[in-house]
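Structure file work-v4.cif; described as mmCIF, N, CA and C atoms.
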data_start
loop_
_atom_site.label_atom_id
_atom_site.label_comp_id
_atom_site.auth_asym_id
_atom_site.auth_seq_id
_atom_site.Cartn_x
_atom_site.Cartn_y
_atom_site.Cartn_z
N GLN A 6 52.54 54.99 117.23
CA GLN A 6 52.31 55.18 115.80
C GLN A 6 52.76 53.93 115.04
N VAL A 7 51.89 53.43 114.17
CA VAL A 7 52.21 52.24 113.39
C VAL A 7 53.03 52.66 112.18
N GLN A 8 54.10 51.93 111.95
CA GLN A 8 54.90 52.14 110.75
C GLN A 8 55.07 50.82 110.04
N LEU A 9 54.90 50.84 108.72
CA LEU A 9 54.98 49.63 107.90
C LEU A 9 56.10 49.80 106.89
N VAL A 10 56.94 48.80 106.81
CA VAL A 10 58.06 48.84 105.86
C VAL A 10 58.02 47.56 105.02
N GLU A 11 57.84 47.75 103.72
CA GLU A 11 57.79 46.60 102.81
C GLU A 11 59.18 46.32 102.24
N SER A 12 59.39 45.07 101.88
CA SER A 12 60.62 44.68 101.20
C SER A 12 60.33 43.45 100.35
N GLY A 13 61.21 43.17 99.42
CA GLY A 13 61.12 41.92 98.66
C GLY A 13 60.63 42.03 97.24
N GLY A 14 60.29 43.22 96.79
CA GLY A 14 59.83 43.35 95.41
C GLY A 14 60.98 43.11 94.44
N GLY A 15 60.64 43.07 93.15
CA GLY A 15 61.67 42.87 92.13
C GLY A 15 61.06 42.49 90.81
N SER A 16 61.92 41.99 89.93
CA SER A 16 61.49 41.60 88.59
C SER A 16 61.73 40.12 88.40
N VAL A 17 60.72 39.44 87.86
CA VAL A 17 60.84 38.01 87.57
C VAL A 17 60.14 37.72 86.25
N GLN A 18 60.44 36.55 85.72
CA GLN A 18 59.73 36.10 84.53
C GLN A 18 58.46 35.39 84.95
N ALA A 19 57.53 35.32 84.02
CA ALA A 19 56.28 34.61 84.29
C ALA A 19 56.56 33.19 84.75
N GLY A 20 55.81 32.78 85.76
CA GLY A 20 56.02 31.46 86.35
C GLY A 20 56.97 31.48 87.53
N GLY A 21 57.64 32.59 87.74
CA GLY A 21 58.58 32.70 88.84
C GLY A 21 57.91 33.03 90.16
N SER A 22 58.73 33.22 91.18
CA SER A 22 58.24 33.45 92.54
C SER A 22 58.93 34.66 93.16
N LEU A 23 58.22 35.31 94.05
CA LEU A 23 58.77 36.39 94.87
C LEU A 23 58.11 36.31 96.23
N THR A 24 58.82 36.81 97.23
CA THR A 24 58.25 36.90 98.58
C THR A 24 58.37 38.34 99.06
N LEU A 25 57.25 38.90 99.45
CA LEU A 25 57.21 40.25 100.00
C LEU A 25 57.08 40.16 101.52
N SER A 26 57.71 41.08 102.21
CA SER A 26 57.60 41.14 103.67
C SER A 26 57.16 42.52 104.10
N CYS A 27 56.38 42.55 105.16
CA CYS A 27 55.90 43.81 105.74
C CYS A 27 56.23 43.77 107.23
N ALA A 28 57.13 44.64 107.64
CA ALA A 28 57.49 44.75 109.05
C ALA A 28 56.65 45.85 109.67
N ALA A 29 55.88 45.48 110.70
CA ALA A 29 54.94 46.42 111.31
C ALA A 29 55.38 46.79 112.71
N SER A 30 55.95 47.96 112.87
CA SER A 30 56.33 48.43 114.20
C SER A 30 55.20 49.26 114.79
N GLY A 31 55.05 49.18 116.11
CA GLY A 31 53.99 49.92 116.77
C GLY A 31 52.62 49.34 116.56
N TYR A 32 52.53 48.14 116.00
CA TYR A 32 51.26 47.50 115.68
C TYR A 32 50.90 46.48 116.74
N THR A 33 49.63 46.41 117.08
CA THR A 33 49.15 45.44 118.06
C THR A 33 48.42 44.31 117.34
N PRO A 34 48.92 43.08 117.42
CA PRO A 34 48.29 41.98 116.68
C PRO A 34 46.87 41.66 117.12
N GLY A 35 46.56 41.88 118.39
CA GLY A 35 45.23 41.56 118.89
C GLY A 35 45.10 40.09 119.26
N ASN A 36 43.90 39.69 119.62
CA ASN A 36 43.65 38.28 119.98
C ASN A 36 42.62 37.70 119.01
N GLN A 37 42.17 36.48 119.31
CA GLN A 37 41.28 35.79 118.38
C GLN A 37 39.94 36.49 118.20
N TYR A 38 39.60 37.40 119.08
CA TYR A 38 38.32 38.09 118.99
C TYR A 38 38.43 39.47 118.35
N SER A 39 39.64 39.93 118.14
CA SER A 39 39.82 41.26 117.59
C SER A 39 39.83 41.22 116.07
N SER A 40 39.70 42.39 115.48
CA SER A 40 39.67 42.50 114.02
C SER A 40 40.82 43.33 113.51
N ASN A 41 41.97 43.20 114.19
CA ASN A 41 43.17 43.85 113.69
C ASN A 41 43.65 43.07 112.47
N CYS A 42 44.02 43.80 111.45
CA CYS A 42 44.27 43.13 110.16
C CYS A 42 45.42 43.80 109.42
N ILE A 43 46.23 42.98 108.78
CA ILE A 43 47.27 43.48 107.87
C ILE A 43 46.99 42.88 106.50
N ALA A 44 47.04 43.73 105.50
CA ALA A 44 46.71 43.30 104.14
C ALA A 44 47.77 43.75 103.15
N TRP A 45 47.75 43.08 102.02
CA TRP A 45 48.53 43.51 100.87
C TRP A 45 47.56 43.98 99.79
N PHE A 46 47.80 45.18 99.30
CA PHE A 46 47.07 45.73 98.17
C PHE A 46 48.06 45.90 97.01
N ARG A 47 47.52 46.02 95.82
CA ARG A 47 48.37 46.32 94.68
C ARG A 47 47.67 47.31 93.77
N GLN A 48 48.50 48.05 93.06
CA GLN A 48 47.97 49.05 92.14
C GLN A 48 48.85 49.12 90.90
N ALA A 49 48.26 48.81 89.77
CA ALA A 49 48.93 48.95 88.49
C ALA A 49 48.58 50.33 87.93
N PRO A 50 49.43 50.88 87.05
CA PRO A 50 49.15 52.20 86.48
C PRO A 50 47.77 52.25 85.85
N GLY A 51 47.03 53.31 86.20
CA GLY A 51 45.72 53.52 85.62
C GLY A 51 44.62 52.67 86.20
N THR A 52 44.91 51.97 87.29
CA THR A 52 43.89 51.11 87.90
C THR A 52 43.68 51.49 89.36
N GLU A 53 42.59 50.96 89.93
CA GLU A 53 42.30 51.18 91.35
C GLU A 53 43.22 50.28 92.19
N ARG A 54 43.51 50.73 93.39
CA ARG A 54 44.25 49.91 94.33
C ARG A 54 43.30 48.81 94.83
N GLU A 55 43.75 47.56 94.72
CA GLU A 55 42.89 46.44 95.07
C GLU A 55 43.55 45.55 96.12
N ALA A 56 42.71 44.95 96.94
CA ALA A 56 43.20 44.03 97.96
C ALA A 56 43.59 42.71 97.32
N VAL A 57 44.75 42.22 97.69
CA VAL A 57 45.25 40.94 97.18
C VAL A 57 45.06 39.84 98.22
N ALA A 58 45.48 40.14 99.44
CA ALA A 58 45.38 39.16 100.52
C ALA A 58 45.41 39.91 101.83
N ALA A 59 44.83 39.29 102.85
CA ALA A 59 44.80 39.91 104.17
C ALA A 59 44.83 38.83 105.23
N ILE A 60 45.33 39.21 106.41
CA ILE A 60 45.35 38.28 107.53
C ILE A 60 44.92 39.01 108.79
N TYR A 61 43.96 38.42 109.48
CA TYR A 61 43.58 38.93 110.79
C TYR A 61 44.61 38.39 111.77
N THR A 62 45.41 39.28 112.30
CA THR A 62 46.60 38.84 113.03
C THR A 62 46.29 38.24 114.39
N GLY A 63 45.10 38.45 114.91
CA GLY A 63 44.74 37.82 116.17
C GLY A 63 44.30 36.37 115.98
N SER A 64 43.45 36.14 115.00
CA SER A 64 42.88 34.82 114.76
C SER A 64 43.65 34.01 113.73
N GLY A 65 44.36 34.69 112.84
CA GLY A 65 45.02 33.99 111.74
C GLY A 65 44.14 33.79 110.52
N ASN A 66 42.90 34.25 110.58
CA ASN A 66 42.01 34.11 109.42
C ASN A 66 42.53 34.93 108.25
N THR A 67 42.36 34.37 107.04
CA THR A 67 42.91 35.02 105.86
C THR A 67 41.86 35.27 104.79
N TYR A 68 42.20 36.19 103.92
CA TYR A 68 41.38 36.50 102.75
C TYR A 68 42.30 36.52 101.54
N TYR A 69 41.81 36.02 100.42
CA TYR A 69 42.54 36.09 99.15
C TYR A 69 41.60 36.56 98.04
N ASP A 70 42.12 37.43 97.20
CA ASP A 70 41.38 37.77 95.99
C ASP A 70 41.35 36.52 95.10
N PRO A 71 40.23 36.28 94.42
CA PRO A 71 40.15 35.08 93.58
C PRO A 71 41.26 34.97 92.54
N SER A 72 41.78 36.10 92.09
CA SER A 72 42.81 36.07 91.04
C SER A 72 44.15 35.53 91.54
N VAL A 73 44.33 35.49 92.85
CA VAL A 73 45.61 35.02 93.40
C VAL A 73 45.47 33.77 94.26
N LYS A 74 44.25 33.36 94.51
CA LYS A 74 44.05 32.20 95.38
C LYS A 74 44.71 30.98 94.76
N GLY A 75 45.45 30.26 95.60
CA GLY A 75 46.18 29.10 95.12
C GLY A 75 47.58 29.41 94.65
N ARG A 76 47.87 30.69 94.43
CA ARG A 76 49.21 31.08 94.00
C ARG A 76 49.93 31.90 95.06
N PHE A 77 49.18 32.69 95.82
CA PHE A 77 49.75 33.55 96.85
C PHE A 77 49.40 32.99 98.23
N THR A 78 50.31 33.17 99.17
CA THR A 78 50.07 32.76 100.55
C THR A 78 50.50 33.88 101.48
N ILE A 79 49.59 34.29 102.35
CA ILE A 79 49.91 35.32 103.34
C ILE A 79 50.12 34.63 104.68
N SER A 80 51.11 35.07 105.42
CA SER A 80 51.40 34.46 106.72
C SER A 80 52.03 35.50 107.63
N GLN A 81 52.11 35.13 108.90
CA GLN A 81 52.71 36.04 109.87
C GLN A 81 53.70 35.28 110.72
N ASP A 82 54.69 36.00 111.26
CA ASP A 82 55.66 35.34 112.11
C ASP A 82 55.07 35.16 113.50
N ASN A 83 55.78 34.44 114.37
CA ASN A 83 55.25 34.13 115.70
C ASN A 83 54.95 35.38 116.51
N ALA A 84 55.76 36.41 116.32
CA ALA A 84 55.52 37.65 117.06
C ALA A 84 54.43 38.48 116.41
N LYS A 85 54.00 38.05 115.20
CA LYS A 85 52.90 38.70 114.48
C LYS A 85 53.20 40.13 114.12
N ILE A 86 54.47 40.41 113.92
CA ILE A 86 54.77 41.77 113.50
C ILE A 86 55.43 41.82 112.14
N VAL A 87 55.63 40.65 111.52
CA VAL A 87 56.09 40.60 110.13
C VAL A 87 55.09 39.74 109.37
N VAL A 88 54.52 40.32 108.35
CA VAL A 88 53.56 39.60 107.51
C VAL A 88 54.21 39.40 106.15
N THR A 89 54.17 38.17 105.69
CA THR A 89 54.83 37.78 104.46
C THR A 89 53.81 37.39 103.40
N LEU A 90 54.09 37.77 102.18
CA LEU A 90 53.25 37.36 101.05
C LEU A 90 54.13 36.56 100.08
N GLN A 91 53.91 35.25 100.06
CA GLN A 91 54.62 34.40 99.13
C GLN A 91 53.83 34.34 97.83
N MET A 92 54.50 34.66 96.74
CA MET A 92 53.83 34.70 95.44
C MET A 92 54.50 33.71 94.50
N LYS A 93 53.71 32.77 94.01
CA LYS A 93 54.23 31.74 93.10
C LYS A 93 53.48 31.80 91.78
N ASN A 94 54.06 31.18 90.77
CA ASN A 94 53.44 31.14 89.45
C ASN A 94 52.97 32.53 89.03
N LEU A 95 53.87 33.48 89.14
CA LEU A 95 53.52 34.86 88.85
C LEU A 95 53.19 35.05 87.38
N LYS A 96 52.25 35.96 87.13
CA LYS A 96 51.79 36.25 85.79
C LYS A 96 52.04 37.72 85.48
N PRO A 97 52.15 38.07 84.21
CA PRO A 97 52.36 39.48 83.86
C PRO A 97 51.31 40.41 84.47
N GLU A 98 50.09 39.91 84.61
CA GLU A 98 49.03 40.75 85.18
C GLU A 98 49.20 40.97 86.69
N ASP A 99 50.17 40.30 87.30
CA ASP A 99 50.48 40.57 88.71
C ASP A 99 51.39 41.78 88.86
N THR A 100 51.87 42.32 87.75
CA THR A 100 52.75 43.48 87.79
C THR A 100 52.02 44.67 88.39
N ALA A 101 52.61 45.25 89.44
CA ALA A 101 51.99 46.38 90.14
C ALA A 101 52.90 46.84 91.25
N MET A 102 52.54 47.97 91.85
CA MET A 102 53.13 48.38 93.10
C MET A 102 52.32 47.70 94.19
N TYR A 103 53.02 47.03 95.09
CA TYR A 103 52.36 46.32 96.18
C TYR A 103 52.54 47.11 97.48
N TYR A 104 51.42 47.29 98.19
CA TYR A 104 51.42 48.06 99.42
C TYR A 104 50.96 47.20 100.59
N CYS A 105 51.60 47.37 101.72
CA CYS A 105 51.17 46.76 102.95
C CYS A 105 50.28 47.77 103.69
N ALA A 106 49.22 47.28 104.29
CA ALA A 106 48.30 48.15 105.01
C ALA A 106 47.91 47.50 106.33
N ALA A 107 47.73 48.30 107.36
CA ALA A 107 47.31 47.79 108.67
C ALA A 107 46.11 48.57 109.17
N GLY A 108 45.21 47.84 109.82
CA GLY A 108 44.03 48.50 110.35
C GLY A 108 43.53 47.81 111.59
N PHE A 109 42.78 48.53 112.38
CA PHE A 109 42.13 47.98 113.56
C PHE A 109 40.62 48.04 113.32
N TYR A 110 39.90 47.10 113.85
CA TYR A 110 38.44 47.03 113.66
C TYR A 110 38.09 46.92 112.18
N VAL A 111 38.81 46.06 111.47
CA VAL A 111 38.60 45.87 110.04
C VAL A 111 37.43 44.90 109.82
N ALA A 112 36.34 45.42 109.26
CA ALA A 112 35.17 44.58 109.01
C ALA A 112 35.25 43.92 107.63
N ASP A 113 35.72 44.69 106.66
CA ASP A 113 35.82 44.17 105.28
C ASP A 113 37.26 44.34 104.83
N PRO A 114 38.03 43.27 104.75
CA PRO A 114 39.46 43.40 104.45
C PRO A 114 39.75 43.85 103.01
N THR A 115 38.73 43.91 102.17
CA THR A 115 38.96 44.33 100.79
C THR A 115 38.88 45.84 100.60
N GLN A 116 38.42 46.54 101.63
CA GLN A 116 38.16 47.97 101.48
C GLN A 116 39.32 48.82 101.99
N ARG A 117 39.82 49.70 101.14
CA ARG A 117 40.94 50.56 101.50
C ARG A 117 40.65 51.41 102.73
N VAL A 118 39.43 51.87 102.85
CA VAL A 118 39.10 52.80 103.93
C VAL A 118 39.21 52.16 105.30
N GLU A 119 39.27 50.85 105.36
CA GLU A 119 39.37 50.14 106.64
C GLU A 119 40.77 50.24 107.23
N TYR A 120 41.72 50.67 106.44
CA TYR A 120 43.11 50.65 106.89
C TYR A 120 43.63 52.07 107.10
N GLY A 121 44.18 52.30 108.28
CA GLY A 121 44.66 53.63 108.60
C GLY A 121 46.15 53.83 108.40
N TYR A 122 46.84 52.73 108.12
CA TYR A 122 48.30 52.81 108.02
C TYR A 122 48.75 52.09 106.75
N TRP A 123 49.66 52.74 106.03
CA TRP A 123 50.14 52.22 104.76
C TRP A 123 51.65 52.32 104.66
N GLY A 124 52.23 51.34 103.98
CA GLY A 124 53.64 51.43 103.68
C GLY A 124 53.86 52.21 102.40
N GLN A 125 55.13 52.34 102.02
CA GLN A 125 55.49 53.13 100.85
C GLN A 125 55.32 52.35 99.55
N GLY A 126 55.26 51.05 99.65
CA GLY A 126 55.07 50.23 98.45
C GLY A 126 56.37 49.62 97.94
N THR A 127 56.23 48.50 97.27
CA THR A 127 57.37 47.84 96.64
C THR A 127 56.91 47.33 95.27
N GLN A 128 57.74 47.54 94.27
CA GLN A 128 57.36 47.23 92.90
C GLN A 128 57.58 45.75 92.58
N VAL A 129 56.59 45.16 91.94
CA VAL A 129 56.70 43.79 91.42
C VAL A 129 56.46 43.86 89.92
N THR A 130 57.42 43.36 89.16
CA THR A 130 57.31 43.35 87.70
C THR A 130 57.48 41.93 87.20
N VAL A 131 56.50 41.47 86.44
CA VAL A 131 56.54 40.11 85.89
C VAL A 131 56.53 40.22 84.37
N SER A 132 57.57 39.69 83.76
CA SER A 132 57.68 39.75 82.30
C SER A 132 57.27 38.42 81.68
N SER A 133 56.73 38.52 80.48
CA SER A 133 56.25 37.31 79.80
C SER A 133 57.36 36.65 79.00
#

Just give me the structure of the file as structure tokens.
Amino acid sequence: QVQLVESGGGSVQAGGSLTLSCAASGYTPGNQYSSNCIAWFRQAPGTEREAVAAIYTGSGNTYYDPSVKGRFTISQDNAKIVVTLQMKNLKPEDTAMYYCAAGFYVADPTQRVEYGYWGQGTQVTVSS
């Protein structure tokens, strides 16, 4: 059974930085040909949960939402069981609950339905 535990959320002022971590136990990273994927989604009150960034843990290929490209970096540790989201130049519109998600056979990393495992979420608040 895959279990995901997020950490690293908090409150910062606009322009600041935060790093989120997702520890994935029971998860298989896969190889360069597999489509095992870990992603970060976020959800602000009254909005849909949206994909922010994702990494195919076998190949290392990444996806970024255009709104965060150049500011956020997703990476994985050598054992590929901790996925980190470095967030820089944070903006008030980045304020949301951030969720880690893991899936196997992920064809479209932006789609929630592709992921069968979710963490509890960690809050990120950016003040202006």

For the structure shown, which residues end up in the PyMOL selection byres (((chain A and resi 125 and name CA) around 9) and name CA)? Put them as an mmCIF file with N, CA and C atoms, in the coordinates of the input, please?
data_model
loop_
_atom_site.group_PDB
_atom_site.id
_atom_site.type_symbol
_atom_site.label_atom_id
_atom_site.label_comp_id
_atom_site.auth_asym_id
_atom_site.auth_seq_id
_atom_site.Cartn_x
_atom_site.Cartn_y
_atom_site.Cartn_z
ATOM 1 N N LEU A 9 54.900 50.840 108.720
ATOM 2 C CA LEU A 9 54.980 49.630 107.900
ATOM 3 C C LEU A 9 56.100 49.800 106.890
ATOM 4 N N VAL A 10 56.940 48.800 106.810
ATOM 5 C CA VAL A 10 58.060 48.840 105.860
ATOM 6 C C VAL A 10 58.020 47.560 105.020
ATOM 7 N N GLU A 11 57.840 47.750 103.720
ATOM 8 C CA GLU A 11 57.790 46.600 102.810
ATOM 9 C C GLU A 11 59.180 46.320 102.240
ATOM 10 N N TYR A 103 53.020 47.030 95.090
ATOM 11 C CA TYR A 103 52.360 46.320 96.180
ATOM 12 C C TYR A 103 52.540 47.110 97.480
ATOM 13 N N TYR A 104 51.420 47.290 98.190
ATOM 14 C CA TYR A 104 51.420 48.060 99.420
ATOM 15 C C TYR A 104 50.960 47.200 100.590
ATOM 16 N N CYS A 105 51.600 47.370 101.720
ATOM 17 C CA CYS A 105 51.170 46.760 102.950
ATOM 18 C C CYS A 105 50.280 47.770 103.690
ATOM 19 N N TRP A 123 49.660 52.740 106.030
ATOM 20 C CA TRP A 123 50.140 52.220 104.760
ATOM 21 C C TRP A 123 51.650 52.320 104.660
ATOM 22 N N GLY A 124 52.230 51.340 103.980
ATOM 23 C CA GLY A 124 53.640 51.430 103.680
ATOM 24 C C GLY A 124 53.860 52.210 102.400
ATOM 25 N N GLY A 126 55.260 51.050 99.650
ATOM 26 C CA GLY A 126 55.070 50.230 98.450
ATOM 27 C C GLY A 126 56.370 49.620 97.940
ATOM 28 N N THR A 127 56.230 48.500 97.270
ATOM 29 C CA THR A 127 57.370 47.840 96.640
ATOM 30 C C THR A 127 56.910 47.330 95.270
#

Output the residue selection produced by the PyMOL selection byres ((chain A and resi 29) around 5) on the file above, formatted as a PyMOL selection string.
chain A and resi 8-9+27-28+30-32+86-87

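Take atom N of Gly108 in chain A and CA of Gly51 in chain A: the distance between them is 24.9 Å.
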
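Here, the PyMOL selection byres ((chain A and resi 19) around 6) matches Val17, Gln18, Gly20, Gly21, Asn94, Leu95, Lys96, Pro97, Val131, Ser132 and Ser133 of chain A.
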
Any idea what's packed within 7 Å of Ala59 in chain A, counting all atoms listed in the file, ignoring anything in its chain fewer than 6 positions away? Could you give it as a PyMOL selection string?
chain A and resi 42-45+66-70+79+114

Just to confirm, what's the straight-line distance from atom C of Thr89 in chain A to CA of Ser26 in chain A in Å (one decimal)?
5.3 Å

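Across A:Val7, A:Lys93, A:Gly121, A:Phe77, the tightest approach to Pro34 in chain A is made by A:Val7 when counting only C-alpha atoms.
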
May I ask which of the residues A:Ser80, A:Ala101, A:Thr115, A:Gln91 is the closest one to Glu55 in chain A, counting all atoms listed in the file?
A:Thr115

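Taking atom N of Gln48 in chain A as the reference point, atom C of Thr100 in chain A is found at 6.8 Å.
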
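Between Ala56 in chain A and the candidates A:Arg117, A:Thr78, A:Val88, A:Ser16, the tightest atom-to-atom separation, counting all atoms listed in the file, involves A:Arg117.
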
Can you check which residues of range 46-110 of chain A DSSP gives as strand (DSSP E) on the backbone and send them as an NGL selection string?
:A and (46-48 or 55-61 or 67-69 or 77-81 or 87-92 or 101-108)

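Among the candidate residues A:Val57, A:Gly63, A:Gln116, A:Met102, the one lying nearest to Thr33 in chain A is A:Gly63, with distances computed using all atoms listed in the file.
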
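With all atoms listed in the file as the atoms that count, the minimum distance from Asn36 in chain A to the choices A:Pro71, A:Pro50, A:Gly65, A:Gly15 is reached by A:Gly65.
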
Because some atoms of range 61-73 of chain A are absent here, can you restore N, CA, C and O atoms and send them as a PDB file, in the coordinates of the input?
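The resulting result_28.pdb:
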ATOM      1  N   TYR A  61      43.960  38.420 109.480  1.00  0.00           N
ATOM      2  CA  TYR A  61      43.580  38.930 110.790  1.00  0.00           C
ATOM      3  C   TYR A  61      44.610  38.390 111.770  1.00  0.00           C
ATOM      4  O   TYR A  61      44.681  37.180 112.004  1.00  0.00           O
ATOM      5  N   THR A  62      45.410  39.280 112.300  1.00  0.00           N
ATOM      6  CA  THR A  62      46.600  38.840 113.030  1.00  0.00           C
ATOM      7  C   THR A  62      46.290  38.240 114.390  1.00  0.00           C
ATOM      8  O   THR A  62      47.140  37.581 114.967  1.00  0.00           O
ATOM      9  N   GLY A  63      45.100  38.450 114.910  1.00  0.00           N
ATOM     10  CA  GLY A  63      44.740  37.820 116.170  1.00  0.00           C
ATOM     11  C   GLY A  63      44.300  36.370 115.980  1.00  0.00           C
ATOM     12  O   GLY A  63      44.733  35.473 116.693  1.00  0.00           O
ATOM     13  N   SER A  64      43.450  36.140 115.000  1.00  0.00           N
ATOM     14  CA  SER A  64      42.880  34.820 114.760  1.00  0.00           C
ATOM     15  C   SER A  64      43.650  34.010 113.730  1.00  0.00           C
ATOM     16  O   SER A  64      43.556  32.774 113.707  1.00  0.00           O
ATOM     17  N   GLY A  65      44.360  34.690 112.840  1.00  0.00           N
ATOM     18  CA  GLY A  65      45.020  33.990 111.740  1.00  0.00           C
ATOM     19  C   GLY A  65      44.140  33.790 110.520  1.00  0.00           C
ATOM     20  O   GLY A  65      44.578  33.221 109.511  1.00  0.00           O
ATOM     21  N   ASN A  66      42.900  34.250 110.580  1.00  0.00           N
ATOM     22  CA  ASN A  66      42.010  34.110 109.420  1.00  0.00           C
ATOM     23  C   ASN A  66      42.530  34.930 108.250  1.00  0.00           C
ATOM     24  O   ASN A  66      43.067  36.013 108.431  1.00  0.00           O
ATOM     25  N   THR A  67      42.360  34.370 107.040  1.00  0.00           N
ATOM     26  CA  THR A  67      42.910  35.020 105.860  1.00  0.00           C
ATOM     27  C   THR A  67      41.860  35.270 104.790  1.00  0.00           C
ATOM     28  O   THR A  67      40.782  34.657 104.792  1.00  0.00           O
ATOM     29  N   TYR A  68      42.200  36.190 103.920  1.00  0.00           N
ATOM     30  CA  TYR A  68      41.380  36.500 102.750  1.00  0.00           C
ATOM     31  C   TYR A  68      42.300  36.520 101.540  1.00  0.00           C
ATOM     32  O   TYR A  68      43.443  36.995 101.623  1.00  0.00           O
ATOM     33  N   TYR A  69      41.810  36.020 100.420  1.00  0.00           N
ATOM     34  CA  TYR A  69      42.540  36.090  99.150  1.00  0.00           C
ATOM     35  C   TYR A  69      41.600  36.560  98.040  1.00  0.00           C
ATOM     36  O   TYR A  69      40.463  36.089  97.946  1.00  0.00           O
ATOM     37  N   ASP A  70      42.120  37.430  97.200  1.00  0.00           N
ATOM     38  CA  ASP A  70      41.380  37.770  95.990  1.00  0.00           C
ATOM     39  C   ASP A  70      41.350  36.520  95.100  1.00  0.00           C
ATOM     40  O   ASP A  70      42.341  35.791  95.021  1.00  0.00           O
ATOM     41  N   PRO A  71      40.230  36.280  94.420  1.00  0.00           N
ATOM     42  CA  PRO A  71      40.150  35.080  93.580  1.00  0.00           C
ATOM     43  C   PRO A  71      41.260  34.970  92.540  1.00  0.00           C
ATOM     44  O   PRO A  71      41.661  33.852  92.179  1.00  0.00           O
ATOM     45  N   SER A  72      41.780  36.100  92.090  1.00  0.00           N
ATOM     46  CA  SER A  72      42.810  36.070  91.040  1.00  0.00           C
ATOM     47  C   SER A  72      44.150  35.530  91.540  1.00  0.00           C
ATOM     48  O   SER A  72      45.003  35.157  90.726  1.00  0.00           O
ATOM     49  N   VAL A  73      44.330  35.490  92.850  1.00  0.00           N
ATOM     50  CA  VAL A  73      45.610  35.020  93.400  1.00  0.00           C
ATOM     51  C   VAL A  73      45.470  33.770  94.260  1.00  0.00           C
ATOM     52  O   VAL A  73      46.473  33.184  94.672  1.00  0.00           O
TER      53      VAL A  73
END
